[in-house]
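This is final03.txt. It holds compact mmCIF, C-alpha atoms.
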```
# COMPACT_ATOMS: atom_id res chain seq x y z
CA MET A 257 30.76 34.31 13.91
CA THR A 258 28.76 31.82 16.01
CA VAL A 259 25.25 31.13 14.80
CA SER A 260 22.71 30.68 17.58
CA PRO A 261 20.65 27.47 17.66
CA GLU A 262 17.48 29.51 17.17
CA ALA A 263 18.95 31.18 14.09
CA ARG A 264 19.96 27.82 12.68
CA ILE A 265 16.45 26.50 13.15
CA ARG A 266 14.99 29.61 11.56
CA ASP A 267 17.33 29.48 8.56
CA THR A 268 16.81 25.77 7.98
CA LEU A 269 13.05 26.02 8.33
CA ARG A 270 12.68 29.08 6.12
CA SER A 271 14.80 27.50 3.46
CA LEU A 272 12.50 24.45 3.51
CA LEU A 273 9.39 26.63 3.42
CA VAL A 274 10.63 28.52 0.37
CA GLN A 275 11.76 25.35 -1.38
CA MET A 276 8.50 23.44 -0.80
CA SER A 277 5.97 26.23 -1.23
CA PRO A 278 3.65 25.76 -4.21
CA LYS A 279 4.13 29.48 -4.86
CA ASP A 280 7.19 30.93 -6.52
CA ILE A 281 8.55 32.81 -3.51
CA GLN A 282 12.06 33.96 -2.61
CA SER A 283 11.70 34.47 1.12
CA VAL A 284 9.30 34.16 4.03
CA SER A 285 8.69 36.14 7.19
CA ALA A 286 7.46 35.13 10.63
CA ASP A 287 4.00 36.57 10.01
CA ASP A 288 3.40 34.66 6.77
CA ARG A 289 0.51 32.21 7.04
CA LEU A 290 1.31 28.80 5.64
CA VAL A 291 -1.94 28.39 3.72
CA ASP A 292 -3.13 31.91 2.92
CA ASP A 293 0.21 33.56 2.18
CA LEU A 294 2.56 30.76 1.16
CA GLY A 295 0.01 28.72 -0.79
CA TYR A 296 0.37 25.43 1.05
CA ASP A 297 -2.51 22.99 0.45
CA SER A 298 -3.26 19.72 2.21
CA LEU A 299 -0.78 17.65 0.20
CA THR A 300 2.09 20.14 0.36
CA LEU A 301 1.46 20.64 4.09
CA ILE A 302 1.87 16.91 4.63
CA GLU A 303 5.04 16.94 2.56
CA LEU A 304 6.31 19.88 4.59
CA ALA A 305 5.48 18.11 7.86
CA VAL A 306 7.47 15.05 6.84
CA ALA A 307 10.40 17.20 5.73
CA ILE A 308 10.38 19.05 9.07
CA GLU A 309 10.03 15.87 11.11
CA ASP A 310 12.89 14.32 9.13
CA ARG A 311 15.06 17.37 9.66
CA PHE A 312 14.40 18.09 13.32
CA ASP A 313 14.27 15.62 16.16
CA LEU A 314 10.77 16.50 17.32
CA PRO A 315 8.86 14.91 20.17
CA ALA A 316 5.27 13.67 19.79
CA ILE A 317 2.89 16.59 19.39
CA SER A 318 -0.72 16.72 20.48
CA GLU A 319 -3.36 17.47 17.90
CA GLU A 320 -4.35 20.63 19.80
CA GLU A 321 -0.77 21.93 19.64
CA ALA A 322 -0.52 21.10 15.96
CA MET A 323 -3.81 22.83 15.18
CA ARG A 324 -2.45 26.08 16.64
CA ILE A 325 0.36 26.27 14.09
CA ARG A 326 -0.72 28.73 11.41
CA THR A 327 2.25 30.93 10.61
CA VAL A 328 5.97 30.60 9.96
CA GLY A 329 6.57 32.14 13.41
CA ASP A 330 4.32 29.54 15.07
CA LEU A 331 6.35 26.78 13.45
CA GLU A 332 9.68 28.31 14.43
CA GLN A 333 8.49 28.74 17.99
CA PHE A 334 7.18 25.18 18.19
CA ILE A 335 10.41 23.65 16.91
CA ALA A 336 12.62 25.83 19.11
CA SER A 337 10.54 25.19 22.24
CA SER A 338 9.90 21.50 21.61
CA SER A 339 13.24 20.59 23.03
CA GLY A 340 16.74 21.86 23.37
CA SER A 341 17.83 18.75 21.58
CA ALA A 342 15.76 19.72 18.56
CA VAL A 343 18.42 22.29 17.89
CA THR A 344 21.11 19.67 17.61
CA GLY A 345 18.92 17.76 15.19
CA ALA A 346 18.87 20.65 12.75
CA HIS A 347 21.20 19.91 9.88
CA SER A 348 23.30 22.75 8.63
CA GLU A 349 22.27 23.93 5.20
CA MET B 61 -4.69 -0.52 -23.83
CA GLY B 62 -6.34 1.63 -26.52
CA LYS B 63 -5.75 5.31 -27.17
CA GLU B 64 -9.22 6.08 -25.86
CA SER B 65 -8.01 5.16 -22.35
CA LYS B 66 -5.48 8.00 -22.37
CA ASP B 67 -7.83 10.64 -20.99
CA ARG B 68 -9.82 8.40 -18.70
CA ASP B 69 -9.44 8.84 -14.96
CA PRO B 70 -7.00 6.08 -13.92
CA VAL B 71 -9.09 5.19 -10.86
CA GLU B 72 -12.11 4.58 -13.12
CA GLU B 73 -9.88 2.70 -15.53
CA LEU B 74 -8.75 0.46 -12.69
CA ALA B 75 -12.38 -0.34 -11.88
CA VAL B 76 -12.93 -1.29 -15.52
CA GLU B 77 -9.84 -3.51 -15.51
CA LEU B 78 -11.04 -5.27 -12.38
CA ALA B 79 -14.58 -5.82 -13.61
CA GLY B 80 -13.56 -9.10 -15.22
CA ALA B 81 -12.47 -10.57 -11.90
CA ASP B 82 -15.96 -11.74 -10.96
CA SER B 83 -17.11 -13.16 -14.28
CA LEU B 84 -16.88 -16.81 -13.15
CA VAL B 85 -15.57 -17.88 -16.55
CA GLY B 86 -13.50 -21.02 -16.99
CA PRO B 87 -9.75 -21.48 -17.51
CA VAL B 88 -9.96 -21.61 -21.32
CA GLU B 89 -11.78 -18.25 -21.51
CA LEU B 90 -9.19 -16.82 -19.10
CA PHE B 91 -6.40 -18.22 -21.26
CA ASP B 92 -7.95 -16.40 -24.25
CA ARG B 93 -8.08 -13.18 -22.24
CA TRP B 94 -4.42 -13.64 -21.38
CA GLU B 95 -3.55 -13.84 -25.07
CA ARG B 96 -5.63 -10.74 -25.87
CA GLN B 97 -4.34 -8.71 -22.95
CA TRP B 98 -0.64 -9.35 -23.47
CA TRP B 99 1.81 -6.60 -22.57
CA THR B 100 5.55 -6.30 -22.01
CA THR B 101 7.65 -4.39 -19.51
CA ARG B 102 9.88 -3.26 -22.38
CA GLU B 103 7.07 -1.29 -24.05
CA LEU B 104 6.85 1.02 -21.02
CA GLN B 105 9.27 3.94 -21.22
CA MET B 106 9.99 3.86 -17.51
CA GLU B 107 12.79 6.43 -17.69
CA ASP B 108 10.13 8.99 -18.63
CA ASP B 109 8.93 8.95 -15.00
CA ARG B 110 12.34 9.71 -13.54
CA ALA B 111 12.01 13.50 -13.57
CA ASP B 112 8.60 13.20 -11.86
CA TRP B 113 10.01 10.79 -9.30
CA GLU B 114 12.85 13.16 -8.41
CA GLN B 115 10.36 15.95 -7.73
CA LEU B 116 8.18 13.96 -5.33
CA GLY B 117 7.88 15.33 -1.82
CA PRO B 118 9.25 13.23 1.05
CA PHE B 119 5.83 11.96 2.14
CA THR B 120 4.74 10.75 -1.30
CA LEU B 121 8.19 9.34 -1.97
CA ARG B 122 8.12 7.35 1.27
CA GLU B 123 4.61 6.07 0.56
CA LEU B 124 5.35 5.02 -3.03
CA ARG B 125 8.72 3.53 -2.19
CA LEU B 126 7.09 1.37 0.49
CA ARG B 127 4.35 0.21 -1.86
CA LEU B 128 6.74 -0.57 -4.69
CA TYR B 129 9.16 -2.55 -2.61
CA GLN B 130 6.29 -4.44 -0.98
CA PHE B 131 5.04 -5.26 -4.46
CA PHE B 132 8.46 -6.28 -5.67
CA LEU B 133 8.98 -8.64 -2.73
CA GLY B 134 5.43 -9.96 -2.97
CA GLU B 135 5.66 -10.63 -6.71
CA ALA B 136 9.01 -12.38 -6.26
CA ALA B 137 7.45 -14.58 -3.55
CA VAL B 138 4.40 -15.53 -5.62
CA THR B 139 6.59 -16.28 -8.64
CA ARG B 140 8.50 -18.80 -6.49
CA THR B 141 5.44 -20.43 -4.91
CA LEU B 142 2.96 -20.78 -7.79
CA PRO B 143 4.45 -23.94 -9.41
CA ALA B 144 3.12 -26.23 -6.65
CA LEU B 145 -0.43 -25.01 -7.32
CA THR B 146 0.06 -25.62 -11.06
CA LEU B 147 1.35 -29.16 -10.51
CA ALA B 148 -1.62 -30.06 -8.33
CA ALA B 149 -4.30 -28.37 -10.47
CA PRO B 150 -7.24 -30.71 -11.08
CA THR B 151 -7.45 -30.37 -14.88
CA ASN B 152 -5.15 -29.77 -17.83
CA THR B 153 -6.93 -26.53 -18.70
CA ALA B 154 -6.44 -25.28 -15.14
CA GLN B 155 -2.75 -26.11 -15.48
CA CYS B 156 -2.60 -24.23 -18.80
CA PHE B 157 -4.13 -21.15 -17.18
CA LEU B 158 -1.84 -21.34 -14.15
CA ALA B 159 1.14 -21.56 -16.52
CA THR B 160 0.06 -18.21 -18.01
CA GLN B 161 -0.21 -16.84 -14.50
CA ALA B 162 3.37 -17.91 -13.79
CA ALA B 163 4.47 -15.79 -16.76
CA ASP B 164 2.41 -12.88 -15.39
CA GLU B 165 3.96 -13.09 -11.93
CA ALA B 166 7.46 -13.14 -13.42
CA ARG B 167 6.54 -10.11 -15.55
CA HIS B 168 5.30 -8.23 -12.50
CA THR B 169 8.52 -8.95 -10.59
CA ILE B 170 10.59 -7.68 -13.49
CA PHE B 171 8.28 -4.69 -13.97
CA PHE B 172 8.74 -3.44 -10.40
CA TRP B 173 12.47 -4.17 -10.46
CA ARG B 174 12.97 -2.33 -13.77
CA TYR B 175 10.82 0.58 -12.65
CA LEU B 176 12.77 1.03 -9.44
CA ARG B 177 15.98 1.00 -11.44
CA ALA B 178 14.60 3.42 -14.02
CA VAL B 179 13.66 6.05 -11.43
CA GLY B 180 16.99 5.72 -9.65
CA GLU B 181 15.94 3.82 -6.54
CA THR B 182 18.48 1.05 -7.10
CA ASP B 183 21.90 1.21 -8.66
CA GLY B 184 21.79 -1.64 -11.12
CA THR B 185 21.25 -4.29 -8.44
CA ASP B 186 20.00 -7.62 -9.81
CA VAL B 187 16.64 -9.11 -8.81
CA ASP B 188 18.02 -11.58 -6.25
CA THR B 189 20.27 -9.09 -4.49
CA LEU B 190 17.50 -6.52 -4.35
CA ALA B 191 15.04 -9.05 -2.92
CA GLU B 192 17.60 -10.03 -0.30
CA GLN B 193 18.40 -6.40 0.61
CA TRP B 194 14.79 -5.36 0.92
CA SER B 195 13.68 -8.45 2.79
CA ILE B 196 15.65 -7.10 5.73
CA ASP B 197 13.56 -3.90 5.75
CA ALA B 198 10.17 -5.52 5.15
CA SER B 199 7.68 -5.34 8.01
CA ALA B 200 7.34 -8.42 10.21
CA SER B 201 3.78 -9.05 9.04
CA HIS B 202 4.73 -8.72 5.36
CA SER B 203 7.64 -11.13 5.80
CA GLN B 204 5.55 -13.60 7.76
CA PHE B 205 2.79 -13.60 5.18
CA PHE B 206 4.96 -13.93 2.07
CA ASP B 207 7.97 -15.82 3.39
CA SER B 208 6.24 -18.15 5.87
CA GLU B 209 2.49 -18.48 5.40
CA LEU B 210 2.41 -18.53 1.60
CA VAL B 211 5.40 -20.87 1.49
CA ARG B 212 3.87 -23.18 4.12
CA ALA B 213 0.54 -23.37 2.28
CA THR B 214 2.08 -24.10 -1.12
CA GLU B 215 4.59 -26.53 0.38
CA ALA B 216 1.67 -28.52 1.82
CA VAL B 217 0.36 -28.80 -1.74
CA ARG B 218 3.73 -29.83 -3.15
CA VAL B 219 4.25 -32.71 -0.71
CA ASN B 220 0.83 -34.20 -1.45
CA LEU B 221 -0.35 -33.26 -4.92
CA SER B 222 -3.61 -35.19 -4.57
CA ASP B 223 -4.73 -33.39 -1.38
CA ARG B 224 -7.66 -31.36 -2.72
CA GLY B 225 -8.21 -29.50 0.56
CA ALA B 226 -4.56 -28.39 0.64
CA TRP B 227 -4.80 -27.17 -2.97
CA LEU B 228 -7.93 -25.16 -2.20
CA ALA B 229 -6.28 -23.68 0.91
CA GLY B 230 -3.33 -22.75 -1.33
CA ILE B 231 -5.64 -21.11 -3.88
CA THR B 232 -7.31 -19.25 -0.99
CA ILE B 233 -4.11 -17.68 0.32
CA TYR B 234 -2.75 -17.08 -3.17
CA HIS B 235 -5.64 -16.04 -5.42
CA LEU B 236 -8.10 -14.73 -2.86
CA LEU B 237 -6.02 -13.18 -0.07
CA THR B 238 -2.86 -12.17 -1.90
CA GLU B 239 -4.37 -11.17 -5.23
CA ALA B 240 -7.93 -10.04 -4.52
CA VAL B 241 -7.21 -8.37 -1.17
CA LEU B 242 -3.58 -7.25 -0.82
CA ALA B 243 -2.53 -6.75 -4.44
CA ILE B 244 -5.64 -4.88 -5.50
CA ALA B 245 -5.44 -2.62 -2.44
CA GLY B 246 -1.83 -1.92 -3.39
CA GLN B 247 -2.70 -1.15 -7.02
CA ARG B 248 -5.42 1.23 -5.90
CA GLY B 249 -2.93 2.96 -3.61
CA ILE B 250 -0.39 3.43 -6.39
CA VAL B 251 -2.94 4.72 -8.89
CA ARG B 252 -4.52 7.11 -6.38
CA THR B 253 -1.16 8.43 -5.20
CA ALA B 254 -0.04 9.05 -8.78
CA ARG B 255 -3.33 10.83 -9.46
CA ARG B 256 -3.00 12.92 -6.29
CA VAL B 257 0.39 14.27 -7.35
CA ARG B 258 -0.62 14.42 -11.03
CA ARG B 259 2.59 12.67 -12.03
CA LEU B 260 4.08 9.27 -12.90
CA PRO B 261 2.04 8.25 -15.99
CA VAL B 262 4.25 5.23 -16.71
CA LEU B 263 3.87 3.84 -13.19
CA THR B 264 0.11 4.33 -13.49
CA ARG B 265 0.05 2.47 -16.82
CA GLY B 266 2.15 -0.35 -15.41
CA ALA B 267 -0.04 -0.64 -12.30
CA LEU B 268 -3.15 -0.84 -14.50
CA ASN B 269 -1.54 -3.57 -16.62
CA VAL B 270 -0.65 -5.52 -13.48
CA ALA B 271 -4.21 -5.08 -12.14
CA ARG B 272 -5.65 -6.40 -15.41
CA ASP B 273 -3.51 -9.52 -15.08
CA GLU B 274 -4.59 -9.90 -11.48
CA SER B 275 -8.26 -9.70 -12.43
CA ARG B 276 -7.75 -12.91 -14.46
CA HIS B 277 -6.01 -14.62 -11.57
CA ILE B 278 -8.81 -13.64 -9.17
CA ALA B 279 -11.42 -14.90 -11.62
CA PHE B 280 -9.64 -18.26 -11.80
CA GLY B 281 -9.41 -18.49 -8.01
CA VAL B 282 -13.02 -17.55 -7.36
CA ARG B 283 -14.32 -20.18 -9.76
CA ALA B 284 -11.96 -22.88 -8.42
CA LEU B 285 -12.95 -22.10 -4.82
CA ARG B 286 -16.62 -22.04 -5.70
CA GLU B 287 -16.28 -25.54 -7.15
CA GLY B 288 -14.31 -26.66 -4.08
CA VAL B 289 -16.93 -25.33 -1.68
CA HIS B 290 -19.64 -27.03 -3.72
CA GLU B 291 -17.72 -30.32 -3.29
CA GLY B 292 -17.67 -29.84 0.49
CA HIS B 293 -14.24 -28.25 1.07
CA GLY B 294 -15.55 -24.99 2.54
CA ASP B 295 -13.66 -25.52 5.80
CA ALA B 296 -10.29 -25.43 4.04
CA VAL B 297 -11.16 -22.04 2.52
CA VAL B 298 -12.67 -20.51 5.66
CA GLY B 299 -9.86 -21.81 7.87
CA MET B 300 -7.22 -20.15 5.72
CA VAL B 301 -9.13 -16.85 5.52
CA CYS B 302 -9.65 -16.62 9.29
CA GLU B 303 -6.08 -17.63 10.05
CA GLN B 304 -4.58 -14.92 7.84
CA ILE B 305 -6.81 -11.95 8.71
CA PRO B 306 -4.51 -10.59 11.48
CA LEU B 307 -1.57 -10.49 9.05
CA LEU B 308 -3.62 -9.03 6.20
CA THR B 309 -4.94 -6.17 8.33
CA SER B 310 -1.51 -5.47 9.76
CA ILE B 311 0.01 -5.31 6.27
CA LEU B 312 -2.74 -2.93 5.16
CA VAL B 313 -2.52 -0.60 8.18
CA SER B 314 1.32 -0.74 8.30
CA PRO B 315 1.56 0.32 11.96
CA GLU B 316 5.34 0.64 11.71
CA GLN B 317 4.93 3.59 9.34
CA ARG B 318 4.60 6.77 11.38
CA LEU B 319 2.35 9.41 9.83
CA PRO B 320 3.34 13.08 10.14
CA GLN B 321 1.87 14.75 13.22
CA LEU B 322 2.48 18.42 12.57
CA VAL B 323 -0.50 18.96 10.28
CA PRO B 324 -3.50 16.95 11.51
CA GLY B 325 -6.00 19.00 9.51
CA ALA B 326 -4.13 18.47 6.26
CA LEU B 327 -4.01 14.74 6.83
CA GLY B 328 -7.80 14.51 6.74
CA SER B 329 -8.36 13.53 3.13
CA PHE B 330 -5.34 11.24 3.09
CA VAL B 331 -6.46 9.42 6.22
CA GLN B 332 -9.99 9.10 4.83
CA GLU B 333 -8.47 7.58 1.72
CA ILE B 334 -6.40 4.98 3.56
CA SER B 335 -9.23 4.10 5.94
CA ALA B 336 -11.53 3.66 2.93
CA SER B 337 -8.90 1.44 1.33
CA TRP B 338 -9.04 -0.94 4.33
CA ASP B 339 -12.82 -1.09 3.97
CA ALA B 340 -12.49 -1.65 0.22
CA ALA B 341 -10.10 -4.55 0.88
CA TYR B 342 -12.64 -6.09 3.27
CA ASP B 343 -15.47 -5.53 0.75
CA ALA B 344 -13.38 -7.27 -1.92
CA LEU B 345 -12.96 -10.26 0.38
CA ALA B 346 -16.62 -10.38 1.48
CA LYS B 347 -17.85 -10.08 -2.09
CA ARG B 348 -15.68 -13.03 -3.20
CA LEU B 349 -16.71 -15.14 -0.20
CA ARG B 350 -20.34 -14.67 -1.29
CA LEU B 351 -19.50 -15.52 -4.89
CA ILE B 352 -17.73 -18.65 -3.69
CA GLY B 353 -20.88 -19.69 -1.81
CA LEU B 354 -19.76 -18.86 1.73
CA ASP B 355 -22.37 -16.23 2.60
CA ASP B 356 -22.83 -17.73 6.05
CA VAL B 357 -19.26 -16.92 7.18
CA VAL B 358 -19.21 -13.27 6.09
CA GLY B 359 -20.46 -11.98 9.47
CA ASP B 360 -17.71 -13.80 11.36
CA VAL B 361 -15.07 -12.69 8.87
CA ASP B 362 -16.27 -9.10 9.28
CA ARG B 363 -15.81 -9.27 13.07
CA ARG B 364 -12.36 -10.78 12.70
CA TRP B 365 -11.44 -8.12 10.16
CA GLN B 366 -12.53 -5.25 12.44
CA ARG B 367 -10.59 -6.83 15.31
CA GLY B 368 -7.52 -7.07 13.05
CA ILE B 369 -7.79 -3.37 12.12
CA ARG B 370 -8.24 -2.47 15.78
CA ASP B 371 -5.17 -4.49 16.80
CA ALA B 372 -3.08 -2.86 14.07
CA LEU B 373 -4.20 0.62 15.19
CA GLU B 374 -3.32 -0.32 18.77
CA ASP B 375 0.08 -1.50 17.56
CA TYR B 376 0.58 1.92 15.91
CA GLN B 377 -0.13 3.65 19.19
CA VAL B 378 2.25 1.44 21.12
CA ARG B 379 5.02 2.04 18.58
CA HIS B 380 4.62 5.79 18.20
CA GLY B 381 3.01 6.99 21.42
CA VAL B 382 0.10 8.67 19.62
CA ALA B 383 -3.21 7.48 18.23
CA HIS B 384 -3.31 6.66 14.53
CA PRO B 385 -5.20 9.50 12.83
CA ALA B 386 -7.63 6.97 11.34
CA THR B 387 -9.01 6.12 14.78
CA MET B 388 -10.99 9.36 14.45
CA LEU B 389 -12.79 7.82 11.48
CA ARG B 390 -13.39 4.49 13.21
CA PRO B 391 -14.76 5.43 16.65
CA ALA B 392 -16.43 2.04 17.13
CA VAL B 393 -13.13 0.25 16.63
CA ALA B 394 -11.34 2.69 18.92
CA ALA B 395 -13.97 2.43 21.65
CA GLU B 396 -13.83 -1.35 21.67
CA ALA B 397 -10.07 -1.23 22.08
CA SER B 398 -10.08 1.73 24.49
CA LEU B 399 -7.91 3.64 22.05
CA PRO B 400 -7.84 7.42 22.33
CA VAL B 401 -9.63 8.90 19.34
CA ALA B 402 -7.30 11.25 17.47
CA GLY B 403 -8.92 14.68 17.56
CA GLY B 404 -11.76 13.50 19.76
CA SER B 405 -12.59 13.14 23.40
CA ALA B 406 -13.04 9.37 23.62
```
Using the file provided, produce a representation of the structure as structure tokens.
Amino acid sequence: MTVSPEARIRDTLRSLLVQMSPKDIQSVSADDRLVDDLGYDSLTLIELAVAIEDRFDLPAISEEEAMRIRTVGDLEQFIASSSGSAVTGAHSE
Amino acid sequence: MGKESKDRDPVEELAVELAGADSLVGPVELFDRWERQWWTTRELQMEDDRADWEQLGPFTLRELRLRLYQFFLGEAAVTRTLPALTLAAPTNTAQCFLATQAADEARHTIFFWRYLRAVGETDGTDVDTLAEQWSIDASASHSQFFDSELVRATEAVRVNLSDRGAWLAGITIYHLLTEAVLAIAGQRGIVRTARRVRRLPVLTRGALNVARDESRHIAFGVRALREGVHEGHGDAVVGMVCEQIPLLTSILVSPEQRLPQLVPGALGSFVQEISASWDAAYDALAKRLRLIGLDDVVGDVDRRWQRGIRDALEDYQVRHGVAHPATMLRPAVAAEASLPVAGGSA
């Protein structure tokens, strides 16, 4: 079965979010808020950002764009829409 | 290193360790301190930090790895270059103290090498091979400072051991700029990072031990430079300080290191911390210049320092296509350089 690029991004990202969350969680959904629901604080958010930037080939992002990212869905959407090439940068888990 | 220090905040402990740096005592008193403050790399159970190290997030890991390999390379460079300053020291007691410092620098090199091995960052590589491998990855400003400028200054001492001005310029780049500015900023960074992640007690202990040693070296340098300025060699000191400020500020800002962009809000406290560390490094320099008797040059040094920070922030923007987040905290610097202010409208 062929996995779509969007699904690969989603799976990779969600796996990272679960792994790096300060909370003991097993899964995440698109509506989960990074801070309020998943327990990310300033340090773990920075760690997450580096992990995402290492994993996906992301272009420069404006501060305004970055400030709009609040939920798992926002992040997935940003990575998927940032560039088609971002998809190829996603490593398979 | 008493038991009472166990529960003290390491950042406060670092301040206590550094308090002796400005005591203006002579080489014999500093020699006595060296005997009292003796420590060994072997007494530190470095393997105990390995589990902590393996759990570090990618950002903290990158930050600490950079600091530790900068320290390792820097300590190896100062171990190689100190002997010229010892040979040309003006008195026997100064030579005795500098001989203790040589032992300290060697201990620091071995400490960082052993630590990196203990936490799994190197696979049994010896000191020389590791220094060679990492030299390739060092930033241009770090390499230029340690491999060219420090070597050039100490070589000038070696070829003419009676040149007092050359010796004082060597003490300036070594004891003032390397130890009091760069090394102490690096120690603060390590201790604060370890505190932020609430891990790595052995690295914290080692960094505090290294800082204590450095406080003796700074004390020696400040007194020697004060005497030199009193004798009329102020130009040698000021010339070296002004010449090296662009490299010092570039090493501190590290424009080649790209900060994560996805979470600007979360970066706030971290960016405040690093921006404050640049100011603390300048304050350390200005304070020592006053102690040395060079109050009249502090204003000029301040302007050069701010220009150096501005240039390094500009370099960051050129390399990464975005403003360094710290420009938001330094609007005056950004405005002068026409840099866009991260998160602002300038």
Exercise for review: With a cut-off of 6 Å and counting only C-alpha atoms, select all residues of chain A in contact with chain B and give the selection as a ChimeraX atom specification.
Suggested key: /A:298,303,305-306,322
Point to revise | 12 Å contact set for A:Leu273, only C-alpha atoms, chain neighbours under 6 positions out, as a ChimeraX atom specification | key: /A:266-267,279-286,288-291,293-296,300-301,303-305,307-308,327-329,331-332
Exercise for review: List the neighbours of B:Asp343 out to 10 Å using all atoms listed in the file; skip same-chain residues closer than 6 positions along the sequence, and give me the result as a PyMOL selection string.
Suggested key: chain B and resi 241+337+349+362
Check your understanding: Looking at B:Phe172, B:Ala296, B:Glu123, B:Ser335, which one is nearest to A:Ile302, with distances taken over all atoms listed in the file?
Key -> B:Glu123
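Minimum atom-to-atom distances from B:Asp273, B:Asp360, B:Asp223, B:Asp92 to B:Gly299 were compared using all atoms listed in the file, and the lowest value belongs to B:Asp360.
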Point to revise | Counting all atoms listed in the file, the residue of A:Leu272, A:Ser260, A:Asp287, A:Ser338 that sits nearest A:Arg326 | key: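 Checking each candidate against A:Arg326, we get A:Asp287 as the closest.
The space separating atom CA of A:Ser277 from atom CA of A:Asp297 comes to 9.2 Å.
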Practice item. Calculate how many Å separate atom CA of B:Gly368 from atom CA of B:Pro306, rounding to one decimal. Key: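 One can read the atom CA of B:Gly368 to atom CA of B:Pro306 distance as 4.9 Å.
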Practice item. Please measure the separation of atom CA of B:Leu158 and atom CA of B:Val282, giving the value in Å to one decimal. Key: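 Interatomic distance, atom CA of B:Leu158 to atom CA of B:Val282: 13.6 Å.
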Point to revise | For B:Asp164, the nearest of the candidates B:Thr100, B:Gln130, B:Thr141, B:Thr214, counting all atoms listed in the file | key: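 Checking each of B:Thr100, B:Gln130, B:Thr141, B:Thr214 against B:Asp164, counting all atoms listed in the file, the winner is B:Thr100.
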Review point. Restricting the calculation to all atoms listed in the file, which member of A:Ala263, A:Phe312, A:Glu320, A:Leu299 is positioned closest to A:Ile335?
Key: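 Distance minimum relative to A:Ile335 lands on A:Phe312.
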So that all listed atoms of stretch 265-276 of chain A fit with 6 Å spare on each side, what axis-aligned box centre and edge lengths in Å, to one decimal, would you give as JSON?
```
{"center_x": 12.9, "center_y": 26.5, "center_z": 5.9, "size_x": 20.8, "size_y": 18.2, "size_z": 26.5}
```
